[in-house]
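Source file: data_32.pdb; contents: PDB, C-alpha atoms, pLDDT in the B column.
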```pdb
MODEL        1
ATOM      1  CA  ASP X  78      51.297  12.438  44.389  1.00 53.00           C
ATOM      2  CA  THR X  79      54.041  15.045  44.652  1.00 69.00           C
ATOM      3  CA  GLY X  80      53.622  15.797  48.358  1.00 91.00           C
ATOM      4  CA  VAL X  81      55.912  14.911  51.258  1.00 95.00           C
ATOM      5  CA  SER X  82      56.335  11.149  51.480  1.00 96.00           C
ATOM      6  CA  GLN X  83      57.254   9.247  54.632  1.00 97.00           C
ATOM      7  CA  ASN X  84      58.154   5.595  55.010  1.00 96.00           C
ATOM      8  CA  PRO X  85      57.244   3.390  56.662  1.00 97.00           C
ATOM      9  CA  ARG X  86      53.772   4.515  57.733  1.00 95.00           C
ATOM     10  CA  HIS X  87      53.844   2.257  60.765  1.00 96.00           C
ATOM     11  CA  LYS X  88      56.718   0.668  62.653  1.00 97.00           C
ATOM     12  CA  ILE X  89      56.481  -1.727  65.581  1.00 97.00           C
ATOM     13  CA  THR X  90      59.715  -2.552  67.354  1.00 97.00           C
ATOM     14  CA  LYS X  91      60.956  -4.041  70.581  1.00 97.00           C
ATOM     15  CA  ARG X  92      62.585  -1.876  73.218  1.00 97.00           C
ATOM     16  CA  GLY X  93      66.313  -1.574  72.632  1.00 97.00           C
ATOM     17  CA  GLN X  94      66.161  -1.995  68.862  1.00 97.00           C
ATOM     18  CA  ASN X  95      67.216   0.666  66.377  1.00 98.00           C
ATOM     19  CA  VAL X  96      64.762   2.123  63.862  1.00 98.00           C
ATOM     20  CA  THR X  97      65.181   4.376  60.846  1.00 98.00           C
ATOM     21  CA  PHE X  98      62.543   6.475  59.120  1.00 97.00           C
ATOM     22  CA  ARG X  99      62.750   8.118  55.710  1.00 97.00           C
ATOM     23  CA  CYS X 100      61.278  11.367  54.449  1.00 98.00           C
ATOM     24  CA  ASP X 101      61.149  12.496  50.815  1.00 97.00           C
ATOM     25  CA  PRO X 102      60.256  16.195  50.672  1.00 96.00           C
ATOM     26  CA  ILE X 103      58.559  18.054  47.846  1.00 93.00           C
ATOM     27  CA  SER X 104      61.246  18.139  45.173  1.00 90.00           C
ATOM     28  CA  GLU X 105      61.911  21.881  44.950  1.00 86.00           C
ATOM     29  CA  HIS X 106      61.823  22.449  48.722  1.00 91.00           C
ATOM     30  CA  ASN X 107      65.170  23.248  50.311  1.00 89.00           C
ATOM     31  CA  ARG X 108      64.071  23.083  53.951  1.00 90.00           C
ATOM     32  CA  LEU X 109      63.137  19.911  55.795  1.00 93.00           C
ATOM     33  CA  TYR X 110      61.843  19.519  59.340  1.00 93.00           C
ATOM     34  CA  TRP X 111      61.240  16.626  61.724  1.00 95.00           C
ATOM     35  CA  TYR X 112      58.573  16.753  64.446  1.00 95.00           C
ATOM     36  CA  ARG X 113      57.276  14.322  67.049  1.00 95.00           C
ATOM     37  CA  GLN X 114      53.602  14.172  67.986  1.00 95.00           C
ATOM     38  CA  THR X 115      52.102  12.179  70.851  1.00 93.00           C
ATOM     39  CA  LEU X 116      48.414  11.479  71.264  1.00 89.00           C
ATOM     40  CA  GLY X 117      46.372  14.553  72.063  1.00 86.00           C
ATOM     41  CA  GLN X 118      49.310  16.909  71.680  1.00 89.00           C
ATOM     42  CA  GLY X 119      50.493  19.233  68.971  1.00 90.00           C
ATOM     43  CA  PRO X 120      53.688  18.453  67.045  1.00 92.00           C
ATOM     44  CA  GLU X 121      56.985  19.175  68.814  1.00 90.00           C
ATOM     45  CA  PHE X 122      59.974  20.379  66.823  1.00 89.00           C
ATOM     46  CA  LEU X 123      62.954  18.006  66.640  1.00 93.00           C
ATOM     47  CA  THR X 124      65.331  19.274  63.976  1.00 93.00           C
ATOM     48  CA  TYR X 125      65.605  21.266  60.766  1.00 89.00           C
ATOM     49  CA  PHE X 126      67.739  21.164  57.598  1.00 92.00           C
ATOM     50  CA  GLN X 127      68.408  23.755  54.992  1.00 89.00           C
ATOM     51  CA  ASN X 128      69.674  21.792  52.016  1.00 90.00           C
ATOM     52  CA  GLU X 129      72.116  19.278  53.517  1.00 91.00           C
ATOM     53  CA  ALA X 130      73.008  21.370  56.556  1.00 90.00           C
ATOM     54  CA  GLN X 131      71.379  20.546  59.889  1.00 91.00           C
ATOM     55  CA  LEU X 132      70.856  24.052  61.258  1.00 87.00           C
ATOM     56  CA  GLU X 133      68.973  23.426  64.455  1.00 85.00           C
ATOM     57  CA  LYS X 134      68.274  20.651  66.932  1.00 86.00           C
ATOM     58  CA  SER X 135      65.742  20.664  69.748  1.00 85.00           C
ATOM     59  CA  ARG X 136      66.521  19.643  73.317  1.00 81.00           C
ATOM     60  CA  LEU X 137      64.096  16.782  72.629  1.00 81.00           C
ATOM     61  CA  LEU X 138      66.628  15.299  70.226  1.00 84.00           C
ATOM     62  CA  SER X 139      68.631  13.185  72.658  1.00 88.00           C
ATOM     63  CA  ASP X 140      71.914  11.512  71.715  1.00 92.00           C
ATOM     64  CA  ARG X 141      69.953   8.407  70.727  1.00 95.00           C
ATOM     65  CA  PHE X 142      68.414  10.360  67.856  1.00 95.00           C
ATOM     66  CA  SER X 143      70.272  11.286  64.692  1.00 95.00           C
ATOM     67  CA  ALA X 144      69.027  12.854  61.489  1.00 96.00           C
ATOM     68  CA  GLU X 145      70.749  13.182  58.146  1.00 95.00           C
ATOM     69  CA  ARG X 146      70.059  14.751  54.792  1.00 95.00           C
ATOM     70  CA  PRO X 147      73.212  13.792  52.887  1.00 90.00           C
ATOM     71  CA  LYS X 148      72.410  15.165  49.445  1.00 87.00           C
ATOM     72  CA  GLY X 149      69.952  17.843  50.386  1.00 85.00           C
ATOM     73  CA  SER X 150      67.032  15.758  49.156  1.00 91.00           C
ATOM     74  CA  PHE X 151      65.604  12.917  51.279  1.00 96.00           C
ATOM     75  CA  SER X 152      66.258  12.701  55.008  1.00 97.00           C
ATOM     76  CA  THR X 153      66.499   9.882  57.521  1.00 97.00           C
ATOM     77  CA  LEU X 154      65.758   9.920  61.237  1.00 97.00           C
ATOM     78  CA  GLU X 155      67.343   7.127  63.266  1.00 97.00           C
ATOM     79  CA  ILE X 156      66.500   6.254  66.847  1.00 97.00           C
ATOM     80  CA  GLN X 157      68.969   3.971  68.597  1.00 97.00           C
ATOM     81  CA  ARG X 158      68.150   1.785  71.600  1.00 97.00           C
ATOM     82  CA  THR X 159      64.475   2.641  71.424  1.00 97.00           C
ATOM     83  CA  GLU X 160      62.509   3.182  74.634  1.00 96.00           C
ATOM     84  CA  GLN X 161      58.783   2.936  75.217  1.00 95.00           C
ATOM     85  CA  GLY X 162      58.668   6.722  75.597  1.00 94.00           C
ATOM     86  CA  ASP X 163      59.750   7.029  71.970  1.00 96.00           C
ATOM     87  CA  SER X 164      56.345   5.748  70.855  1.00 97.00           C
ATOM     88  CA  ALA X 165      54.821   8.590  68.877  1.00 96.00           C
ATOM     89  CA  MET X 166      53.993   9.842  65.404  1.00 96.00           C
ATOM     90  CA  TYR X 167      57.093  11.230  63.666  1.00 97.00           C
ATOM     91  CA  LEU X 168      56.185  13.918  61.156  1.00 96.00           C
ATOM     92  CA  CYS X 169      58.320  15.336  58.390  1.00 96.00           C
ATOM     93  CA  ALA X 170      57.627  18.665  56.697  1.00 94.00           C
ATOM     94  CA  SER X 171      59.268  20.637  53.915  1.00 93.00           C
ATOM     95  CA  SER X 172      59.146  24.236  52.746  1.00 90.00           C
ATOM     96  CA  PHE X 173      60.653  26.690  50.289  1.00 86.00           C
ATOM     97  CA  GLY X 174      60.939  30.444  50.206  1.00 72.00           C
ATOM     98  CA  PRO X 175      63.145  33.369  51.169  1.00 66.00           C
ATOM     99  CA  ASN X 176      61.266  34.288  54.339  1.00 65.00           C
ATOM    100  CA  LEU X 177      61.984  31.598  56.902  1.00 62.00           C
ATOM    101  CA  ALA X 178      59.479  32.919  59.404  1.00 60.00           C
ATOM    102  CA  LYS X 179      56.589  32.986  56.922  1.00 66.00           C
ATOM    103  CA  ASN X 180      57.186  29.965  54.762  1.00 76.00           C
ATOM    104  CA  ILE X 181      54.432  27.356  54.784  1.00 83.00           C
ATOM    105  CA  GLN X 182      55.427  23.875  55.832  1.00 88.00           C
ATOM    106  CA  TYR X 183      53.894  20.948  54.003  1.00 91.00           C
ATOM    107  CA  PHE X 184      53.622  17.867  56.170  1.00 93.00           C
ATOM    108  CA  GLY X 185      53.853  14.209  55.328  1.00 95.00           C
ATOM    109  CA  ALA X 186      51.422  11.636  56.717  1.00 94.00           C
ATOM    110  CA  GLY X 187      53.907  10.616  59.387  1.00 95.00           C
ATOM    111  CA  THR X 188      55.455   7.396  60.647  1.00 97.00           C
ATOM    112  CA  ARG X 189      53.739   5.939  63.683  1.00 96.00           C
ATOM    113  CA  LEU X 190      56.253   4.205  65.954  1.00 97.00           C
ATOM    114  CA  SER X 191      55.191   1.733  68.607  1.00 97.00           C
ATOM    115  CA  VAL X 192      57.873   0.476  70.984  1.00 97.00           C
ATOM    116  CA  LEU X 193      56.861  -2.680  72.848  1.00 95.00           C
TER     117      LEU X 193
ATOM    118  CA  LYS Q  62      57.002  31.220  78.797  1.00 75.00           C
ATOM    119  CA  ASN Q  63      55.846  30.959  75.185  1.00 78.00           C
ATOM    120  CA  GLN Q  64      52.535  29.111  75.101  1.00 88.00           C
ATOM    121  CA  VAL Q  65      49.609  28.524  72.777  1.00 93.00           C
ATOM    122  CA  GLU Q  66      46.308  27.586  74.377  1.00 96.00           C
ATOM    123  CA  GLN Q  67      43.338  26.360  72.371  1.00 97.00           C
ATOM    124  CA  SER Q  68      39.712  26.003  73.330  1.00 96.00           C
ATOM    125  CA  PRO Q  69      37.562  24.080  73.409  1.00 97.00           C
ATOM    126  CA  GLN Q  70      39.553  20.870  73.631  1.00 95.00           C
ATOM    127  CA  SER Q  71      36.826  19.101  71.668  1.00 96.00           C
ATOM    128  CA  LEU Q  72      33.604  20.087  69.950  1.00 97.00           C
ATOM    129  CA  ILE Q  73      30.669  18.225  68.423  1.00 98.00           C
ATOM    130  CA  ILE Q  74      28.367  20.017  65.984  1.00 97.00           C
ATOM    131  CA  LEU Q  75      25.699  19.037  63.488  1.00 97.00           C
ATOM    132  CA  GLU Q  76      26.390  19.140  59.773  1.00 97.00           C
ATOM    133  CA  GLY Q  77      25.565  22.521  58.294  1.00 97.00           C
ATOM    134  CA  LYS Q  78      26.131  24.467  61.499  1.00 97.00           C
ATOM    135  CA  ASN Q  79      28.824  27.074  62.060  1.00 97.00           C
ATOM    136  CA  CYS Q  80      31.464  26.944  64.770  1.00 97.00           C
ATOM    137  CA  THR Q  81      34.334  29.018  66.132  1.00 98.00           C
ATOM    138  CA  LEU Q  82      37.566  27.728  67.599  1.00 98.00           C
ATOM    139  CA  GLN Q  83      39.730  29.870  69.869  1.00 98.00           C
ATOM    140  CA  CYS Q  84      43.466  30.318  70.250  1.00 98.00           C
ATOM    141  CA  ASN Q  85      45.224  32.428  72.889  1.00 97.00           C
ATOM    142  CA  TYR Q  86      48.969  32.852  72.868  1.00 95.00           C
ATOM    143  CA  THR Q  87      51.693  34.357  74.992  1.00 91.00           C
ATOM    144  CA  VAL Q  88      54.438  34.139  72.362  1.00 83.00           C
ATOM    145  CA  SER Q  89      56.819  37.061  72.108  1.00 80.00           C
ATOM    146  CA  PRO Q  90      58.164  38.518  69.933  1.00 81.00           C
ATOM    147  CA  PHE Q  91      55.372  37.541  67.559  1.00 83.00           C
ATOM    148  CA  SER Q  92      55.976  36.830  63.891  1.00 82.00           C
ATOM    149  CA  ASN Q  93      52.905  35.085  62.526  1.00 88.00           C
ATOM    150  CA  LEU Q  94      50.035  32.773  63.414  1.00 92.00           C
ATOM    151  CA  ARG Q  95      48.947  29.735  61.439  1.00 93.00           C
ATOM    152  CA  TRP Q  96      45.991  27.401  61.555  1.00 96.00           C
ATOM    153  CA  TYR Q  97      46.420  23.811  60.452  1.00 96.00           C
ATOM    154  CA  LYS Q  98      43.864  21.049  59.905  1.00 96.00           C
ATOM    155  CA  GLN Q  99      44.951  17.533  60.834  1.00 95.00           C
ATOM    156  CA  ASP Q 100      42.849  14.549  59.834  1.00 94.00           C
ATOM    157  CA  THR Q 101      43.198  11.442  61.970  1.00 90.00           C
ATOM    158  CA  GLY Q 102      46.374   9.569  61.031  1.00 85.00           C
ATOM    159  CA  ARG Q 103      47.530  12.278  58.646  1.00 89.00           C
ATOM    160  CA  GLY Q 104      49.955  15.178  58.771  1.00 92.00           C
ATOM    161  CA  PRO Q 105      48.722  18.747  59.358  1.00 93.00           C
ATOM    162  CA  VAL Q 106      47.626  20.803  56.354  1.00 93.00           C
ATOM    163  CA  SER Q 107      47.985  24.577  56.348  1.00 91.00           C
ATOM    164  CA  LEU Q 108      44.728  26.562  56.264  1.00 94.00           C
ATOM    165  CA  THR Q 109      45.836  30.157  56.890  1.00 93.00           C
ATOM    166  CA  ILE Q 110      48.854  32.196  57.923  1.00 90.00           C
ATOM    167  CA  MET Q 111      48.576  35.733  59.304  1.00 91.00           C
ATOM    168  CA  THR Q 112      51.191  38.289  60.240  1.00 87.00           C
ATOM    169  CA  PHE Q 113      50.928  41.022  62.846  1.00 82.00           C
ATOM    170  CA  SER Q 114      49.264  43.462  60.443  1.00 86.00           C
ATOM    171  CA  GLU Q 115      46.580  41.085  59.189  1.00 89.00           C
ATOM    172  CA  ASN Q 116      43.245  40.926  61.014  1.00 92.00           C
ATOM    173  CA  THR Q 117      41.476  38.311  58.973  1.00 95.00           C
ATOM    174  CA  LYS Q 118      42.153  35.750  56.302  1.00 94.00           C
ATOM    175  CA  SER Q 119      39.801  33.364  54.560  1.00 95.00           C
ATOM    176  CA  ASN Q 120      40.259  30.021  52.875  1.00 94.00           C
ATOM    177  CA  GLY Q 121      36.930  28.834  51.497  1.00 96.00           C
ATOM    178  CA  ARG Q 122      34.589  28.141  54.407  1.00 97.00           C
ATOM    179  CA  TYR Q 123      37.397  28.797  56.899  1.00 97.00           C
ATOM    180  CA  THR Q 124      37.944  32.339  58.215  1.00 97.00           C
ATOM    181  CA  ALA Q 125      40.702  33.135  60.673  1.00 97.00           C
ATOM    182  CA  THR Q 126      40.896  36.339  62.690  1.00 97.00           C
ATOM    183  CA  LEU Q 127      43.786  37.778  64.642  1.00 96.00           C
ATOM    184  CA  ASP Q 128      43.852  40.391  67.399  1.00 94.00           C
ATOM    185  CA  ALA Q 129      47.527  40.999  68.053  1.00 90.00           C
ATOM    186  CA  ASP Q 130      46.737  43.389  70.906  1.00 91.00           C
ATOM    187  CA  THR Q 131      44.875  40.803  72.960  1.00 94.00           C
ATOM    188  CA  LYS Q 132      46.936  37.931  71.501  1.00 94.00           C
ATOM    189  CA  GLN Q 133      43.874  36.020  70.420  1.00 96.00           C
ATOM    190  CA  SER Q 134      42.904  34.283  67.223  1.00 97.00           C
ATOM    191  CA  SER Q 135      39.808  32.443  66.125  1.00 98.00           C
ATOM    192  CA  LEU Q 136      38.983  30.059  63.319  1.00 98.00           C
ATOM    193  CA  HIS Q 137      35.397  30.216  62.094  1.00 98.00           C
ATOM    194  CA  ILE Q 138      33.998  27.363  60.048  1.00 98.00           C
ATOM    195  CA  THR Q 139      30.874  28.098  58.060  1.00 97.00           C
ATOM    196  CA  ALA Q 140      28.264  25.547  56.974  1.00 97.00           C
ATOM    197  CA  SER Q 141      30.205  22.618  58.375  1.00 97.00           C
ATOM    198  CA  GLN Q 142      30.589  19.395  56.424  1.00 97.00           C
ATOM    199  CA  LEU Q 143      31.339  15.872  57.591  1.00 97.00           C
ATOM    200  CA  SER Q 144      34.806  16.224  56.073  1.00 96.00           C
ATOM    201  CA  ASP Q 145      35.562  19.065  58.495  1.00 97.00           C
ATOM    202  CA  SER Q 146      35.896  16.468  61.264  1.00 97.00           C
ATOM    203  CA  ALA Q 147      39.549  16.791  62.281  1.00 97.00           C
ATOM    204  CA  SER Q 148      41.884  18.416  64.777  1.00 97.00           C
ATOM    205  CA  TYR Q 149      42.566  22.104  64.222  1.00 97.00           C
ATOM    206  CA  ILE Q 150      45.934  23.259  65.436  1.00 96.00           C
ATOM    207  CA  CYS Q 151      46.968  26.856  66.117  1.00 96.00           C
ATOM    208  CA  VAL Q 152      50.680  27.534  65.600  1.00 93.00           C
ATOM    209  CA  VAL Q 153      52.489  30.731  66.538  1.00 90.00           C
ATOM    210  CA  SER Q 154      55.894  31.688  65.194  1.00 85.00           C
ATOM    211  CA  ALA Q 155      58.278  33.792  67.255  1.00 78.00           C
ATOM    212  CA  VAL Q 156      61.067  35.867  65.819  1.00 67.00           C
ATOM    213  CA  TYR Q 157      64.380  34.531  67.071  1.00 60.00           C
ATOM    214  CA  GLY Q 158      66.705  35.033  64.156  1.00 55.00           C
ATOM    215  CA  GLY Q 159      64.870  32.528  62.057  1.00 57.00           C
ATOM    216  CA  SER Q 160      64.962  29.683  64.548  1.00 64.00           C
ATOM    217  CA  GLN Q 161      62.525  26.928  63.655  1.00 63.00           C
ATOM    218  CA  GLY Q 162      62.400  25.840  67.238  1.00 58.00           C
ATOM    219  CA  ASN Q 163      60.141  28.776  67.824  1.00 68.00           C
ATOM    220  CA  LEU Q 164      57.137  27.420  66.000  1.00 80.00           C
ATOM    221  CA  ILE Q 165      54.932  26.851  69.043  1.00 86.00           C
ATOM    222  CA  PHE Q 166      52.061  24.442  68.499  1.00 90.00           C
ATOM    223  CA  GLY Q 167      48.815  24.321  70.432  1.00 93.00           C
ATOM    224  CA  LYS Q 168      47.339  20.962  71.406  1.00 94.00           C
ATOM    225  CA  GLY Q 169      44.507  21.383  68.932  1.00 95.00           C
ATOM    226  CA  THR Q 170      40.725  21.337  69.033  1.00 97.00           C
ATOM    227  CA  LYS Q 171      39.152  18.065  67.975  1.00 96.00           C
ATOM    228  CA  LEU Q 172      36.058  18.818  65.896  1.00 98.00           C
ATOM    229  CA  SER Q 173      33.448  16.175  65.147  1.00 97.00           C
ATOM    230  CA  VAL Q 174      30.723  16.978  62.639  1.00 98.00           C
ATOM    231  CA  LYS Q 175      27.702  14.690  62.922  1.00 97.00           C
ATOM    232  CA  PRO Q 176      25.032  14.125  60.255  1.00 96.00           C
TER     233      PRO Q 176
ENDMDL
END
```
Would you mind writing the file's structure down as structure tokens?
Amino acid sequence: DTGVSQNPRHKITKRGQNVTFRCDPISEHNRLYWYRQTLGQGPEFLTYFQNEAQLEKSRLLSDRFSAERPKGSFSTLEIQRTEQGDSAMYLCASSFGPNLAKNIQYFGAGTRLSVL
Amino acid sequence: KNQVEQSPQSLIILEGKNCTLQCNYTVSPFSNLRWYKQDTGRGPVSLTIMTFSENTKSNGRYTATLDADTKQSSLHITASQLSDSASYICVVSAVYGGSQGNLIFGKGTKLSVKP
């Protein structure tokens, strides 16, 4: 399978603990995105990388959240001091193409986080 | 305020029947509109993408229409199959210098196809 891969698929943690998720995009894709999706809602944009550069961060990305893409390939999303409100599905997507507004994003299956 | 509203919130149909899902948006300035299919526990999968000048686009049994004047889109599913059971999400892209924060997602329509 050469699609977007996310690990782990599920994560259960206690409030106050730190968690880290990994996303491996489609190999030739230079853009990588993180979204958060809660039950019954559409995905909400968190942050976006072009190659290794983090070009945009949403207001949703509080200072407890940090994302990296050190070599322009895989990315990690870390949440420090987790809160129950962080429980959600975290989706990663990747894309490639010259037209940023029209490029199609390919999504991974997501990491479901449950904070107890 | 940029918003994407979808209706109905949920829909149950019998296998083999057709259905139409609606999307109204107030996003400006408009760049393009996308429909995604999201199976339970999976990430969204792109079905169609339409720009301002495109009125309709098909992908197999899925046909999307766009009326940029009334800011409405619809997704028509023909001869539904059990595998069509999923959430269908309408996504509108605004033009803000390429900002990805301006992909505005609807909440989706949850479609259940029964045998």
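Picture a line from atom CA of Val106 of chain Q to atom CA of Ser191 of chain X; it runs 23.9 Å.
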Can you work out which residues from chain Q touch chain X at a cut-off of 7 Å (counting all atoms listed in the file) and hand them back as a PDB file with C-alpha atoms, in the frame of the given file?
```
ATOM      1  CA  SER Q  92      55.976  36.830  63.891  1.00 82.00           C
ATOM      2  CA  GLY Q 102      46.374   9.569  61.031  1.00 85.00           C
ATOM      3  CA  ARG Q 103      47.530  12.278  58.646  1.00 89.00           C
ATOM      4  CA  GLY Q 104      49.955  15.178  58.771  1.00 92.00           C
ATOM      5  CA  PRO Q 105      48.722  18.747  59.358  1.00 93.00           C
ATOM      6  CA  VAL Q 106      47.626  20.803  56.354  1.00 93.00           C
ATOM      7  CA  SER Q 154      55.894  31.688  65.194  1.00 85.00           C
ATOM      8  CA  GLY Q 159      64.870  32.528  62.057  1.00 57.00           C
ATOM      9  CA  GLY Q 162      62.400  25.840  67.238  1.00 58.00           C
ATOM     10  CA  PHE Q 166      52.061  24.442  68.499  1.00 90.00           C
ATOM     11  CA  GLY Q 167      48.815  24.321  70.432  1.00 93.00           C
ATOM     12  CA  LYS Q 168      47.339  20.962  71.406  1.00 94.00           C
ATOM     13  CA  GLY Q 169      44.507  21.383  68.932  1.00 95.00           C
TER      14      GLY Q 169
END
```
Worksheet entry | Shell around Ser152 of chain X at 9 Å using only C-alpha atoms, local window under 2 positions removed, as an NGL selection string | :X and (98-102 or 109 or 126 or 129 or 144-150 or 154)
Between atom CA of Gln133 of chain Q and atom CA of Met111 of chain Q lies a distance of 12.1 Å
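When only C-alpha atoms are used to measure the gap to Pro176 of chain Q, the shortest distance among Q:Glu66, Q:Asp128, Q:Asp145, Q:Glu115 belongs to Q:Asp145.
Considering the residues X:Leu137, X:Ala165, X:Ala130, X:Val96 and counting only C-alpha atoms, Thr153 of chain X has its shortest atom-to-atom contact with X:Val96.
One distance worth recording is that between atom CA of Thr117 of chain Q and atom CA of Val153 of chain Q, which is 15.4 Å.
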Output as lines of an AutoDock Vina configuration file the centre and edge lengths (Å, one decimal) of the box along x, y and z of the file that holds every listed atom of segment 135-144 of chain X after adding 5 Å on each side.
```
center_x = 68.0
center_y = 14.5
center_z = 67.4
size_x = 17.8
size_y = 22.3
size_z = 21.8
```
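Applied to the file shown here, the PyMOL selection byres ((chain Q and resi 144) around 12) selects Glu76, Gly77, Lys98, Gln99, Asp100, Thr101, Ile138, Ala140, Ser141, Gln142, Leu143, Asp145, Ser146, Ala147, Ser148, Leu172, Ser173, Val174, Lys175 and Pro176 of chain Q.
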(Q) Please expand the PyMOL selection byres ((chain X and resi 164) around 6) into the concrete residues it hits in this file, giving the result as a PyMOL selection string. (A) chain X and resi 161-163+165+190-192
Check: What's the 9 Å shell around Asn120 of chain Q, counting only C-alpha atoms, without same-chain residues fewer than 4 positions away, as number ranges by chain?
Finding: Q: 108-109, 124-125
- Task: Pick out the residues sitting within 8 Å of Thr81 of chain Q, and hand them over as a PyMOL selection string; count all atoms listed in the file, and ignore anything fewer than 3 positions along from it in its own chain.
- Result: chain Q and resi 135-138
| message | So that I can check the surroundings of Gln157 of chain X, please list as number ranges by chain every protein, DNA and RNA residue that reaches within 8 Å of it, counting all atoms listed in the file and ignoring chain neighbours fewer than 6 positions away. | response | X: 93-96, 141-142
